[in-house]
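Trainee: If you scroll down you'll find the structure; I have some questions about it.
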Amino acid sequence: MSPVTCQNRCDEGHHPSRFALCRPLLYKPAMRLRSDIYVSALIRRVFAAGGFAAVERKGMDQAGAIFVRRRGRDGLETIYAPAPQSLVDEDAAGDRLFEIRLDQVEAAEVDALISRELKWDSDLWVLEIEMDAVGDLLPLAKA
């Protein structure tokens with residue numbers, strides 16, 4: 001992680017301390033977009049790409065986890081879930097990354113997964129989209 005500069009910079013771009021000449025700031029606070037704003041923007045992007053999107057379950061506005069349920073023309077579904085923090089790169093700490101939890105399965109399997117997740121996290125969002133390929137709408141974590 002690279003040092004972060006502040007308003008009171010020394011020549012090296014470090015934060016001055018009264019006990020040392022200068023020291024680097026090691027913590028870079030990550031700002032994350034609110035869940036309701038992220039879901040609204042994602043819905044608009046899906047419509048702009050020619051797909052259909054609807055909120056199946058509304059979660060907490062500020063920080064609810066977002067699950068995306070994609071239905072294809074063949075009737076099979078893929079569920080995109082928030083990526084575990086172990087897969088998130090330090091440089092992308094504020095970004096929302098997703099992983100494919102179930103791929104091309106029946107709707108009953110996706111319903112079962114969502115009901116299990118709801119027992120653990122009751123303030124999650126479920127967004128349903130209908131399109132053939134998600135493309136670059138959802139950033140996927142590298143495994």
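Letters for chains follow the order of the structure tokens (A, B, ...), residue numbers begin at 1 for each chain, and ligand numbers begin at 1 in the order shown.
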Identify, with DSSP run on backbone atoms, the residues in region 33-136 of chain A assigned to helix (DSSP H, G or I), and express the list as a ChimeraX atom specification.

Mentor: /A:35-48,85-87,90-92,107-120

Trainee: Quick one: residues within 9 Å of Arg57 (chain A), only C-alpha atoms counted, chain neighbours fewer than 6 positions away excluded, as a ChimeraX atom specification?

Mentor: /A:124-127

Trainee: Let me see the file: selected residues, N, CA and C atoms, as a PDB file, in the first residue's frame.

Mentor:
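So the final result, stored in selection.pdb, reads:
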```
ATOM      1  N   LEU A 124     -29.922  -8.007   3.644  1.00  0.00           N
ATOM      2  CA  LEU A 124     -29.321  -8.077   2.315  1.00  0.00           C
ATOM      3  C   LEU A 124     -30.304  -7.664   1.225  1.00  0.00           C
ATOM      4  N   TRP A 125     -29.752  -7.282   0.085  1.00  0.00           N
ATOM      5  CA  TRP A 125     -30.513  -6.920  -1.101  1.00  0.00           C
ATOM      6  C   TRP A 125     -30.485  -8.093  -2.072  1.00  0.00           C
ATOM      7  N   VAL A 126     -31.591  -8.291  -2.796  1.00  0.00           N
ATOM      8  CA  VAL A 126     -31.618  -9.246  -3.899  1.00  0.00           C
ATOM      9  C   VAL A 126     -32.121  -8.492  -5.119  1.00  0.00           C
ATOM     10  N   LEU A 127     -31.266  -8.399  -6.112  1.00  0.00           N
ATOM     11  CA  LEU A 127     -31.600  -7.730  -7.362  1.00  0.00           C
ATOM     12  C   LEU A 127     -31.722  -8.796  -8.436  1.00  0.00           C
TER      13      LEU A 127
END
```

Trainee: Residues within 7 Å of region 73-78 of chain A, please, as a PyMOL selection string. Count only C-alpha atoms; anything in the same chain fewer than 2 positions from it doesn't count.

Mentor: chain A and resi 69-71+80+102-107+132

Trainee: What separation in Å, quoted to one decimal, exists between CA of Ala63 (chain A) and CA of Asp95 (chain A)?

Mentor: 12.7 Å

Trainee: Mind checking which residues fall within 12 Å of Gly51 (chain A), counting only C-alpha atoms, ignoring those fewer than 5 positions away in the same chain, and posting them as a PyMOL selection string?

Mentor: chain A and resi 42-46+70-73+128-135+137

Trainee: Would you please work out which residue, of A:Glu56, A:Asp136, A:Asp36, A:Asp121, is nearest to Phe98 (chain A) when using only C-alpha atoms?

Mentor: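 Nearest to Phe98 (chain A): A:Asp136.
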
Trainee: With only C-alpha atoms as the counted atoms, please give the residues lying no more than 10 Å from Tyr38 (chain A), apart from itself and same-chain residues fewer than 5 positions off, as an NGL selection string.

Mentor: :A and (32-33 or 43 or 61 or 66 or 96)

Trainee: Of the residues A:Val55, A:Val68, A:Asp111, A:Pro82, which is the one nearest to Ser40 (chain A), using only C-alpha atoms?

Mentor: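 Nearest candidate to Ser40 (chain A) out of A:Val55, A:Val68, A:Asp111, A:Pro82: A:Val55.
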